[in-house]
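What follows is the content of protein07.csv, which has CSV, C-alpha atoms:
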```csv
chain,number,residue,atom,x,y,z
P,162,MET,CA,125.4,95.0,82.9
P,163,ALA,CA,125.2,98.8,82.2
P,164,ALA,CA,128.9,98.9,81.4
P,165,PHE,CA,128.6,96.0,79.0
P,166,GLU,CA,125.6,97.7,77.3
P,167,ALA,CA,127.5,101.0,77.1
P,168,GLU,CA,130.2,99.3,75.1
P,169,GLY,CA,127.7,97.7,72.8
P,170,GLU,CA,128.4,94.2,74.2
P,171,SER,CA,126.1,91.6,75.5
P,172,TRP,CA,126.5,90.3,79.1
P,173,ALA,CA,126.9,86.6,79.7
P,174,GLU,CA,125.6,84.7,82.7
P,175,THR,CA,129.0,83.4,83.6
P,176,SER,CA,130.5,86.9,83.7
P,177,ILE,CA,127.8,88.4,85.8
P,178,THR,CA,127.9,85.4,88.2
P,179,ASP,CA,131.6,86.0,88.7
P,180,LEU,CA,131.1,89.7,89.4
P,181,LEU,CA,128.2,89.0,91.8
P,182,LEU,CA,130.1,86.4,93.8
P,183,SER,CA,133.3,88.4,94.0
P,184,ALA,CA,131.4,91.5,95.2
P,185,ALA,CA,129.9,89.5,98.0
P,186,TYR,CA,133.2,88.9,99.7
P,187,PRO,CA,133.9,88.7,102.7
P,188,LEU,CA,130.3,87.7,103.7
P,189,GLY,CA,130.3,85.4,100.7
P,190,ARG,CA,133.0,82.9,100.0
P,191,TYR,CA,133.0,80.8,96.8
P,192,VAL,CA,135.1,78.2,95.0
P,193,LYS,CA,134.9,77.1,91.4
P,194,PHE,CA,135.1,73.5,90.5
P,195,ASN,CA,136.5,72.0,87.4
P,196,GLN,CA,135.2,73.6,84.2
P,197,VAL,CA,132.0,72.0,83.0
P,198,GLU,CA,130.2,71.9,79.7
P,199,GLU,CA,127.5,74.5,80.4
P,200,GLY,CA,125.5,73.6,77.4
P,201,GLU,CA,125.0,70.1,78.6
P,202,THR,CA,124.9,70.3,82.3
P,203,GLY,CA,123.7,73.8,83.0
P,204,ALA,CA,126.7,74.8,85.1
P,205,ASP,CA,124.7,74.9,88.3
P,206,TRP,CA,126.0,76.4,91.5
P,207,ILE,CA,125.3,75.4,95.1
P,208,TRP,CA,124.5,78.4,97.3
P,209,TRP,CA,124.3,78.2,101.1
P,210,TRP,CA,123.3,80.9,103.6
P,211,VAL,CA,124.6,80.2,107.1
P,212,ASP,CA,123.0,82.1,110.0
P,213,GLU,CA,125.5,83.1,112.6
P,214,VAL,CA,122.8,83.7,115.2
P,215,THR,CA,120.9,80.4,115.2
P,216,GLY,CA,123.4,78.2,113.4
P,217,GLU,CA,120.7,77.3,110.9
P,218,ALA,CA,121.3,77.2,107.1
P,219,PHE,CA,119.4,77.4,103.9
P,220,GLY,CA,120.7,75.8,100.6
P,221,ALA,CA,119.8,76.1,97.0
P,222,VAL,CA,121.1,74.8,93.7
P,223,VAL,CA,121.1,77.7,91.2
P,224,GLN,CA,121.1,78.1,87.5
P,225,ALA,CA,121.6,81.5,85.9
P,226,LYS,CA,119.4,82.6,83.1
P,227,ARG,CA,119.4,85.9,81.2
P,228,LEU,CA,116.5,87.7,79.7
P,229,LYS,CA,116.4,88.0,75.9
P,230,LYS,CA,114.1,89.3,73.3
P,231,ARG,CA,112.7,87.0,70.6
P,232,GLY,CA,110.2,88.0,68.0
P,233,GLY,CA,109.2,91.1,69.9
P,234,ARG,CA,108.6,89.2,73.1
P,235,TRP,CA,110.7,88.8,76.3
P,236,TRP,CA,112.0,85.3,76.5
P,237,ILE,CA,114.0,83.2,79.0
P,238,ASP,CA,115.1,79.9,77.5
P,239,PHE,CA,114.1,77.4,80.3
P,240,GLN,CA,113.8,74.6,77.7
P,241,TYR,CA,117.5,75.0,76.6
P,242,LYS,CA,118.9,71.8,75.2
P,243,LYS,CA,115.5,70.2,75.0
P,244,ASN,CA,114.9,70.8,78.7
P,245,VAL,CA,118.2,69.0,79.8
P,246,GLN,CA,119.3,72.1,81.8
P,247,ARG,CA,116.1,72.3,83.9
P,248,GLU,CA,116.0,68.5,84.4
P,249,ASN,CA,119.6,68.6,85.6
P,250,LEU,CA,118.9,71.5,87.9
P,251,GLU,CA,116.0,69.7,89.5
P,252,TYR,CA,117.9,66.4,89.7
P,253,LEU,CA,120.7,68.2,91.6
P,254,GLY,CA,118.1,69.8,93.9
P,255,GLU,CA,117.0,66.2,94.9
P,256,TYR,CA,120.6,65.0,95.0
P,257,PHE,CA,121.7,67.7,97.5
P,258,ASP,CA,118.3,68.0,99.2
P,259,VAL,CA,118.0,71.7,98.5
P,260,VAL,CA,115.6,73.9,96.6
P,261,PRO,CA,116.3,74.4,92.8
P,262,ILE,CA,116.0,78.0,91.8
P,263,TYR,CA,116.9,80.2,88.9
P,264,ALA,CA,118.9,83.4,89.2
P,265,LEU,CA,117.3,85.6,86.6
P,266,TYR,CA,119.7,88.2,85.1
P,267,LEU,CA,117.1,90.7,83.8
P,268,GLY,CA,119.4,93.5,82.6
P,269,THR,CA,119.3,97.2,83.5
P,270,SER,CA,116.2,99.3,83.8
P,271,ASP,CA,117.1,100.8,80.4
P,272,TYR,CA,117.3,97.4,78.8
P,273,ARG,CA,113.8,96.5,80.1
P,274,ALA,CA,112.3,100.0,79.7
P,275,GLY,CA,110.2,99.4,82.8
P,276,ALA,CA,108.8,96.1,81.6
P,277,PHE,CA,107.3,93.8,84.3
P,278,CYS,CA,108.3,96.3,87.1
P,279,ARG,CA,106.3,95.3,90.2
P,280,ALA,CA,106.0,98.9,91.5
P,281,GLU,CA,102.5,100.4,91.6
P,282,THR,CA,103.7,103.2,89.3
P,283,HIS,CA,106.9,102.8,87.3
P,284,GLU,CA,108.8,106.1,87.1
P,285,PRO,CA,112.4,107.0,86.0
P,286,GLY,CA,114.9,105.9,88.6
P,287,CYS,CA,112.5,103.3,90.1
P,288,GLU,CA,114.3,101.5,92.9
P,289,LEU,CA,112.3,98.3,92.7
P,290,CYS,CA,112.9,98.1,88.9
P,291,SER,CA,116.6,98.5,89.5
P,292,MET,CA,116.6,95.9,92.2
P,293,SER,CA,114.9,93.4,89.9
P,294,THR,CA,118.1,93.4,87.7
P,295,LEU,CA,119.2,90.4,89.7
P,296,SER,CA,116.2,88.2,90.7
P,297,VAL,CA,115.4,84.7,91.6
P,298,VAL,CA,112.4,82.3,91.1
P,299,PRO,CA,111.9,78.7,92.2
P,300,SER,CA,112.2,76.2,89.3
P,301,LEU,CA,108.7,74.9,90.1
P,302,LEU,CA,107.4,78.3,88.8
P,303,THR,CA,108.9,77.8,85.4
P,304,HIS,CA,106.7,74.9,84.3
P,305,PHE,CA,103.6,75.7,82.2
P,306,LEU,CA,102.5,72.8,80.1
P,307,GLY,CA,105.7,73.0,78.0
P,308,LEU,CA,104.6,76.4,76.6
P,309,VAL,CA,107.7,78.6,76.2
P,310,ASP,CA,106.1,82.0,76.3
P,311,GLU,CA,103.9,81.1,79.3
P,312,GLU,CA,106.9,79.8,81.2
P,313,THR,CA,108.7,83.1,80.8
P,314,ASP,CA,105.5,85.0,81.9
P,315,MET,CA,105.3,82.8,85.0
P,316,ALA,CA,108.9,83.4,86.0
P,317,LEU,CA,108.6,87.2,85.4
P,318,GLY,CA,105.3,87.3,87.3
P,319,TYR,CA,106.6,85.6,90.4
P,320,HIS,CA,110.3,86.6,90.6
P,321,VAL,CA,111.7,88.4,93.6
P,322,SER,CA,114.9,90.5,93.6
P,323,LEU,CA,118.0,89.1,95.2
P,324,GLU,CA,118.0,92.1,97.6
P,325,GLU,CA,114.4,91.3,98.7
P,326,LEU,CA,115.3,87.7,99.1
P,327,VAL,CA,117.9,88.4,101.8
P,328,ASP,CA,116.8,91.7,103.3
P,329,PRO,CA,114.8,91.1,106.6
P,330,SER,CA,113.4,94.6,106.5
P,331,VAL,CA,111.2,93.8,103.5
P,332,ASP,CA,107.5,93.4,104.4
P,333,PRO,CA,106.7,89.7,103.6
P,334,GLY,CA,103.1,90.6,102.8
P,335,THR,CA,100.1,88.2,103.3
P,336,TYR,CA,99.8,85.1,101.2
P,337,TRP,CA,97.2,82.4,101.0
P,338,SER,CA,97.4,79.4,103.3
P,339,PRO,CA,94.7,77.0,104.2
P,340,ASN,CA,94.1,75.8,107.8
P,341,PHE,CA,96.8,73.1,108.0
P,342,ALA,CA,95.3,71.3,111.0
P,343,ASN,CA,98.2,68.9,111.4
P,344,ALA,CA,100.9,71.5,111.1
P,345,THR,CA,102.9,72.4,114.2
P,346,ASP,CA,102.5,75.8,115.8
P,347,GLU,CA,106.1,76.6,114.8
P,348,PHE,CA,105.3,76.0,111.2
P,349,VAL,CA,102.2,78.1,111.3
P,350,ARG,CA,104.1,80.9,112.8
P,351,PHE,CA,106.8,80.5,110.1
P,352,LEU,CA,104.1,81.1,107.5
P,353,HIS,CA,102.4,84.0,109.1
P,354,GLU,CA,105.0,85.9,111.2
P,355,PRO,CA,108.1,87.8,110.0
P,356,GLN,CA,111.3,85.7,110.0
P,357,ALA,CA,115.0,86.4,110.2
P,358,GLY,CA,118.2,84.9,109.0
P,359,ALA,CA,118.1,81.6,107.1
P,360,ARG,CA,114.4,81.2,107.9
P,361,GLN,CA,113.6,84.6,106.3
P,362,ILE,CA,115.3,83.6,103.0
P,363,ALA,CA,113.4,80.2,103.1
P,364,ARG,CA,110.1,82.1,103.8
P,365,THR,CA,110.6,84.4,100.8
P,366,ILE,CA,111.0,81.4,98.5
P,367,VAL,CA,108.0,79.7,100.1
P,368,ASP,CA,106.0,82.9,99.6
P,369,ARG,CA,106.6,82.9,95.9
P,370,LEU,CA,105.1,79.4,95.7
P,371,ARG,CA,102.2,80.3,98.0
P,372,HIS,CA,101.4,83.3,95.8
P,373,ALA,CA,101.2,81.0,92.8
P,374,ARG,CA,99.2,78.4,94.8
P,375,GLN,CA,96.4,80.9,95.2
P,376,GLY,CA,95.5,80.5,91.6
P,377,ALA,CA,95.1,76.7,91.8
P,378,PHE,CA,91.6,75.4,92.4
P,379,SER,CA,92.6,72.0,93.8
P,380,ALA,CA,91.7,71.4,97.4
P,381,ALA,CA,94.5,71.7,99.9
P,382,THR,CA,95.6,68.8,102.0
P,383,ASP,CA,97.0,68.9,105.5
P,384,GLU,CA,98.4,65.4,105.4
P,385,GLU,CA,102.1,65.5,106.2
P,386,THR,CA,105.2,64.5,104.2
P,387,GLN,CA,108.6,63.9,105.6
P,388,VAL,CA,111.4,66.3,104.7
P,389,ARG,CA,114.5,65.1,106.5
P,390,SER,CA,115.5,64.5,110.1
P,391,ASP,CA,117.8,67.6,110.3
P,392,ALA,CA,115.4,69.9,108.6
P,393,VAL,CA,114.1,72.8,110.7
P,394,PHE,CA,110.7,71.5,109.8
P,395,PRO,CA,111.1,67.7,109.5
P,396,ASP,CA,107.5,67.2,108.4
P,397,VAL,CA,105.4,69.6,106.3
P,398,PRO,CA,102.0,69.6,104.6
P,399,ASP,CA,101.8,67.4,101.5
P,400,ASP,CA,99.9,70.1,99.7
P,401,ARG,CA,100.7,70.0,95.9
P,402,GLY,CA,98.3,72.4,94.2
P,403,HIS,CA,99.1,72.2,90.5
P,404,PHE,CA,102.9,71.7,91.0
P,405,GLY,CA,102.7,67.9,90.9
P,406,GLU,CA,104.9,67.6,94.0
P,407,PRO,CA,104.7,68.8,97.6
P,408,TYR,CA,106.0,72.4,97.2
P,409,PHE,CA,106.6,72.9,100.9
P,410,ARG,CA,109.0,69.9,101.0
P,411,THR,CA,110.8,71.1,97.8
P,412,ALA,CA,111.3,74.6,99.2
P,413,LEU,CA,112.2,73.7,102.8
P,414,ARG,CA,114.4,70.6,102.4
P,415,GLY,CA,117.3,73.0,102.3
P,416,LEU,CA,116.4,74.7,105.6
P,417,ARG,CA,118.5,72.8,108.1
P,418,THR,CA,119.2,73.1,111.8
P,419,ALA,CA,122.9,73.3,110.8
P,420,PRO,CA,124.9,73.5,107.5
P,421,PRO,CA,125.9,70.2,106.0
P,422,ASP,CA,129.4,68.8,106.9
P,423,TYR,CA,130.8,69.7,103.5
P,424,VAL,CA,129.8,73.3,104.0
P,425,GLN,CA,131.4,73.5,107.4
P,426,ARG,CA,134.6,71.9,106.2
P,427,PHE,CA,134.8,74.4,103.3
P,428,LEU,CA,134.4,77.3,105.7
P,429,GLU,CA,137.1,75.9,108.0
P,430,THR,CA,139.6,74.4,105.6
P,431,GLY,CA,138.6,75.3,102.1
P,432,GLU,CA,138.0,71.6,101.3
P,433,VAL,CA,135.5,71.2,98.4
P,434,PRO,CA,132.8,68.5,98.6
P,435,GLU,CA,132.4,65.4,96.5
P,436,ILE,CA,130.0,66.2,93.7
P,437,PRO,CA,128.4,64.5,90.7
P,438,ASN,CA,131.2,64.5,88.1
P,439,GLY,CA,131.1,67.6,85.9
P,440,GLN,CA,127.6,68.8,86.9
P,441,ILE,CA,128.4,71.6,89.4
P,442,ALA,CA,130.3,74.8,88.5
P,443,GLY,CA,131.0,75.8,92.1
P,444,MET,CA,129.8,76.5,95.6
P,445,ALA,CA,129.1,79.8,97.3
P,446,VAL,CA,128.6,80.2,101.1
P,447,PHE,CA,127.1,83.4,102.4
P,448,THR,CA,127.3,84.3,106.1
P,449,ILE,CA,124.2,86.0,107.7
P,450,PRO,CA,125.8,88.1,110.4
P,451,GLU,CA,124.3,88.9,113.7
P,452,PRO,CA,122.2,92.2,113.4
P,453,ALA,CA,124.2,95.2,114.4
P,454,SER,CA,123.3,96.4,117.9
P,455,GLU,CA,121.8,99.8,118.5
P,456,PRO,CA,124.4,102.3,119.6
P,457,GLU,CA,124.4,102.9,123.3
P,458,GLN,CA,123.0,106.3,124.4
P,459,ALA,CA,125.5,108.5,126.1
P,460,GLU,CA,124.9,109.3,129.7
P,461,PRO,CA,123.6,112.9,130.2
P,462,LEU,CA,126.1,115.3,131.5
P,463,THR,CA,125.8,116.4,135.1
P,464,ASP,CA,127.3,119.1,137.2
P,465,ASP,CA,129.4,116.4,138.9
```

Show me this structure written as structure tokens.
Amino acid sequence: MAAFEAEGESWAETSITDLLLSAAYPLGRYVKFNQVEEGETGADWIWWWVDEVTGEAFGAVVQAKRLKKRGGRWWIDFQYKKNVQRENLEYLGEYFDVVPIYALYLGTSDYRAGAFCRAETHEPGCELCSMSTLSVVPSLLTHFLGLVDEETDMALGYHVSLEELVDPSVDPGTYWSPNFANATDEFVRFLHEPQAGARQIARTIVDRLRHARQGAFSAATDEETQVRSDAVFPDVPDDRGHFGEPYFRTALRGLRTAPPDYVQRFLETGEVPEIPNGQIAGMAVFTIPEPASEPEQAEPLTDD
């Protein structure tokens, strides 16, 4: 993005996506499908993370959005084409049973001049501000009564950088959760203890929603809703807050005990899955490798 800006050129979502995915090789493999009409369909991508340690996987359908300025305000056009893009993104989330998210291309630190940096004190060379250049936010956090400016503010208030999404060393923090009496012990531990691999990525997405849920005054419910039989958590609390749908289910339907067959076939043979005609730009699969082991300590030298 800095190179584009230095040349006085704008940077497009498709160009940055290509650079991002190609840089992820070999841990990331991707394939483009037939060219689609981005203005109509949104040119969404399917992203899967596959955990080499547990065999679990986490999936998302992703739409790239860039940050612009309009009338002196920062603006992300979530209502593009009279909301067709967002409706398509969320439809594909249901179709593939994964979480719909936006990849936010927020530009360089110079482009934003420190705006909405989440560091306690923004200073030149701020690492967190630089990391925010590529961020993600669940689609559920881009709805705000149809008000364009407030939708942008919501997304920029709850985004998390792509690096933080996938880095298990990042402190997950403490987020609100009621006492879900019917939840399994495993699910409670998932919400409150550090995670790794595919679960850690899913937990980071869930935390964005839990953070927003803190501001809703509606009472929480611990009644359960079914996700799917091969989900890591087949049943989750039906709590909805102000989202209008069970946010745990939306976020965790992509957290599977194993990747879907079409992902496994792609990794083994390069075969691409059957998709709704013209509605998907491509698929990317990222491997979460086993953590590197600590180097063995050398035996102390002896006289022998």

Give one line per residue of region 192-245 of chain P that approaches region 162-178 of chain P to at most 8 Å, naming the two atoms of the closest pair and their distance in Å to one decimal, counting all atoms listed in the file; sort by chain then ascending residue number and deliver it as a Markdown table.
```
| residue | atom | partner | partner_atom | distance |
| --- | --- | --- | --- | --- |
| P:Ala225 | CA | P:Glu174 | CA | 6.0 |
| P:Lys226 | CA | P:Glu174 | CA | 6.6 |
| P:Arg227 | CA | P:Glu174 | CA | 6.5 |
```

Subject >> Residue neighbourhood region 203-217 of chain P, 7 Å, all atoms listed in the file, exclusion window fewer than 5 positions, as a ChimeraX atom specification >> reply: /P:197,222-224,246,250,358-359,417-420,440-451

Original post:
Excluding same-chain residues fewer than 3 positions from region 368-379 of chain P, what lies within 10 Å of it counting all atoms listed in the file, as number ranges by chain?
Top reply: P: 297-299, 301-302, 315, 318-321, 333-339, 352, 362-365, 382, 400-404, 408-409, 412

Mind dumping a table of every region 362-418 of chain P residue within 8 Å of region 258-274 of chain P, with the nearest atom pair and its distance in Å to one decimal, using all atoms listed in the file, sorted by chain and rising number, as CSV?
```
residue,atom,partner,partner_atom,distance
P:Thr411,CA,P:Val260,CA,5.7
P:Ala412,CA,P:Val260,CA,5.1
P:Leu413,CA,P:Val260,CA,7.1
P:Arg414,CA,P:Val259,CA,5.4
P:Gly415,CA,P:Val259,CA,4.1
P:Leu416,CA,P:Val259,CA,7.9
```

Original post:
Which one is closest to Cys290 (chain P): P:Ala276, P:Ala392, P:Ala185, P:Leu428? Count only C-alpha atoms.
Top reply: P:Ala276

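Coordinates place CA of Trp236 (chain P) at a distance of 6.8 Å from CA of Asp310 (chain P).
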
Subject >> Two-atom distance - CA of Gln361 (chain P), CA of Phe257 (chain P) (Å) >> reply: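 Separating CA of Gln361 (chain P) from CA of Phe257 (chain P) is a distance of 20.7 Å.
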
Subject >> Two-atom distance - CA of Asp346 (chain P), CA of Glu255 (chain P) (Å) >> reply: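 Computing it gives 27.2 Å between the two atoms.
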
Subject >> Residue with smallest distance to Ile237 (chain P) - pool P:Glu311, P:Asp391, P:Glu325, P:Asp383, counting only C-alpha atoms >> reply: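 Result for the nearest residue to Ile237 (chain P): P:Glu311.
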
Quick one: residues within 10 Å of Val433 (chain P), all atoms listed in the file, excluding same-chain residues fewer than 4 positions away - as a compact mmCIF listing (two decimals) with C-alpha atoms, keeping the file's coordinate frame?
```
# COMPACT_ATOMS: atom_id res chain seq x y z
CA VAL P 192 135.10 78.20 95.00
CA LYS P 193 134.90 77.10 91.40
CA PHE P 194 135.10 73.50 90.50
CA TYR P 423 130.80 69.70 103.50
CA VAL P 424 129.80 73.30 104.00
CA ARG P 426 134.60 71.90 106.20
CA PHE P 427 134.80 74.40 103.30
CA LEU P 428 134.40 77.30 105.70
CA GLY P 443 131.00 75.80 92.10
CA MET P 444 129.80 76.50 95.60
```

With N, CA, C and O atoms as the target, complete region 169-185 of chain P and hand it back as a PDB file, keeping the file's coordinate frame.
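Heads up, here's the output in part17.pdb:
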```pdb
ATOM      1  N   GLY P 169     128.306  98.375  73.917  1.00  0.00           N
ATOM      2  CA  GLY P 169     127.700  97.700  72.800  1.00  0.00           C
ATOM      3  C   GLY P 169     127.857  96.172  72.859  1.00  0.00           C
ATOM      4  O   GLY P 169     127.698  95.482  71.848  1.00  0.00           O
ATOM      5  N   GLU P 170     128.204  95.664  74.047  1.00  0.00           N
ATOM      6  CA  GLU P 170     128.400  94.200  74.200  1.00  0.00           C
ATOM      7  C   GLU P 170     127.290  93.589  74.971  1.00  0.00           C
ATOM      8  O   GLU P 170     126.613  94.235  75.774  1.00  0.00           O
ATOM      9  N   SER P 171     127.084  92.307  74.722  1.00  0.00           N
ATOM     10  CA  SER P 171     126.100  91.600  75.500  1.00  0.00           C
ATOM     11  C   SER P 171     126.764  91.120  76.814  1.00  0.00           C
ATOM     12  O   SER P 171     127.989  91.073  76.918  1.00  0.00           O
ATOM     13  N   TRP P 172     125.970  90.809  77.802  1.00  0.00           N
ATOM     14  CA  TRP P 172     126.500  90.300  79.100  1.00  0.00           C
ATOM     15  C   TRP P 172     126.089  88.873  79.253  1.00  0.00           C
ATOM     16  O   TRP P 172     124.957  88.490  79.062  1.00  0.00           O
ATOM     17  N   ALA P 173     127.071  88.073  79.603  1.00  0.00           N
ATOM     18  CA  ALA P 173     126.900  86.600  79.700  1.00  0.00           C
ATOM     19  C   ALA P 173     126.619  86.238  81.155  1.00  0.00           C
ATOM     20  O   ALA P 173     127.109  86.880  82.083  1.00  0.00           O
ATOM     21  N   GLU P 174     125.887  85.140  81.334  1.00  0.00           N
ATOM     22  CA  GLU P 174     125.600  84.700  82.700  1.00  0.00           C
ATOM     23  C   GLU P 174     126.808  84.390  83.505  1.00  0.00           C
ATOM     24  O   GLU P 174     126.880  84.748  84.684  1.00  0.00           O
ATOM     25  N   THR P 175     127.799  83.756  82.892  1.00  0.00           N
ATOM     26  CA  THR P 175     129.000  83.400  83.600  1.00  0.00           C
ATOM     27  C   THR P 175     129.754  84.642  84.120  1.00  0.00           C
ATOM     28  O   THR P 175     130.255  84.686  85.251  1.00  0.00           O
ATOM     29  N   SER P 176     129.823  85.659  83.274  1.00  0.00           N
ATOM     30  CA  SER P 176     130.500  86.900  83.700  1.00  0.00           C
ATOM     31  C   SER P 176     129.826  87.583  84.812  1.00  0.00           C
ATOM     32  O   SER P 176     130.470  88.032  85.772  1.00  0.00           O
ATOM     33  N   ILE P 177     128.499  87.684  84.738  1.00  0.00           N
ATOM     34  CA  ILE P 177     127.800  88.400  85.800  1.00  0.00           C
ATOM     35  C   ILE P 177     127.818  87.583  87.093  1.00  0.00           C
ATOM     36  O   ILE P 177     127.915  88.156  88.180  1.00  0.00           O
ATOM     37  N   THR P 178     127.780  86.255  87.001  1.00  0.00           N
ATOM     38  CA  THR P 178     127.900  85.400  88.200  1.00  0.00           C
ATOM     39  C   THR P 178     129.227  85.680  88.899  1.00  0.00           C
ATOM     40  O   THR P 178     129.304  85.817  90.127  1.00  0.00           O
ATOM     41  N   ASP P 179     130.308  85.721  88.115  1.00  0.00           N
ATOM     42  CA  ASP P 179     131.600  86.000  88.700  1.00  0.00           C
ATOM     43  C   ASP P 179     131.664  87.324  89.406  1.00  0.00           C
ATOM     44  O   ASP P 179     132.196  87.449  90.522  1.00  0.00           O
ATOM     45  N   LEU P 180     131.104  88.361  88.770  1.00  0.00           N
ATOM     46  CA  LEU P 180     131.100  89.700  89.400  1.00  0.00           C
ATOM     47  C   LEU P 180     130.252  89.711  90.640  1.00  0.00           C
ATOM     48  O   LEU P 180     130.629  90.319  91.652  1.00  0.00           O
ATOM     49  N   LEU P 181     129.112  89.055  90.595  1.00  0.00           N
ATOM     50  CA  LEU P 181     128.200  89.000  91.800  1.00  0.00           C
ATOM     51  C   LEU P 181     128.893  88.355  92.946  1.00  0.00           C
ATOM     52  O   LEU P 181     128.890  88.896  94.062  1.00  0.00           O
ATOM     53  N   LEU P 182     129.494  87.197  92.732  1.00  0.00           N
ATOM     54  CA  LEU P 182     130.100  86.400  93.800  1.00  0.00           C
ATOM     55  C   LEU P 182     131.330  87.141  94.395  1.00  0.00           C
ATOM     56  O   LEU P 182     131.558  87.146  95.603  1.00  0.00           O
ATOM     57  N   SER P 183     132.118  87.728  93.506  1.00  0.00           N
ATOM     58  CA  SER P 183     133.300  88.400  94.000  1.00  0.00           C
ATOM     59  C   SER P 183     132.954  89.647  94.802  1.00  0.00           C
ATOM     60  O   SER P 183     133.633  89.992  95.777  1.00  0.00           O
ATOM     61  N   ALA P 184     131.849  90.311  94.449  1.00  0.00           N
ATOM     62  CA  ALA P 184     131.400  91.500  95.200  1.00  0.00           C
ATOM     63  C   ALA P 184     130.865  91.155  96.556  1.00  0.00           C
ATOM     64  O   ALA P 184     130.788  92.019  97.431  1.00  0.00           O
ATOM     65  N   ALA P 185     130.465  89.898  96.759  1.00  0.00           N
ATOM     66  CA  ALA P 185     129.900  89.500  98.000  1.00  0.00           C
ATOM     67  C   ALA P 185     130.914  89.240  99.120  1.00  0.00           C
ATOM     68  O   ALA P 185     130.560  89.098 100.284  1.00  0.00           O
TER      69      ALA P 185
END
```
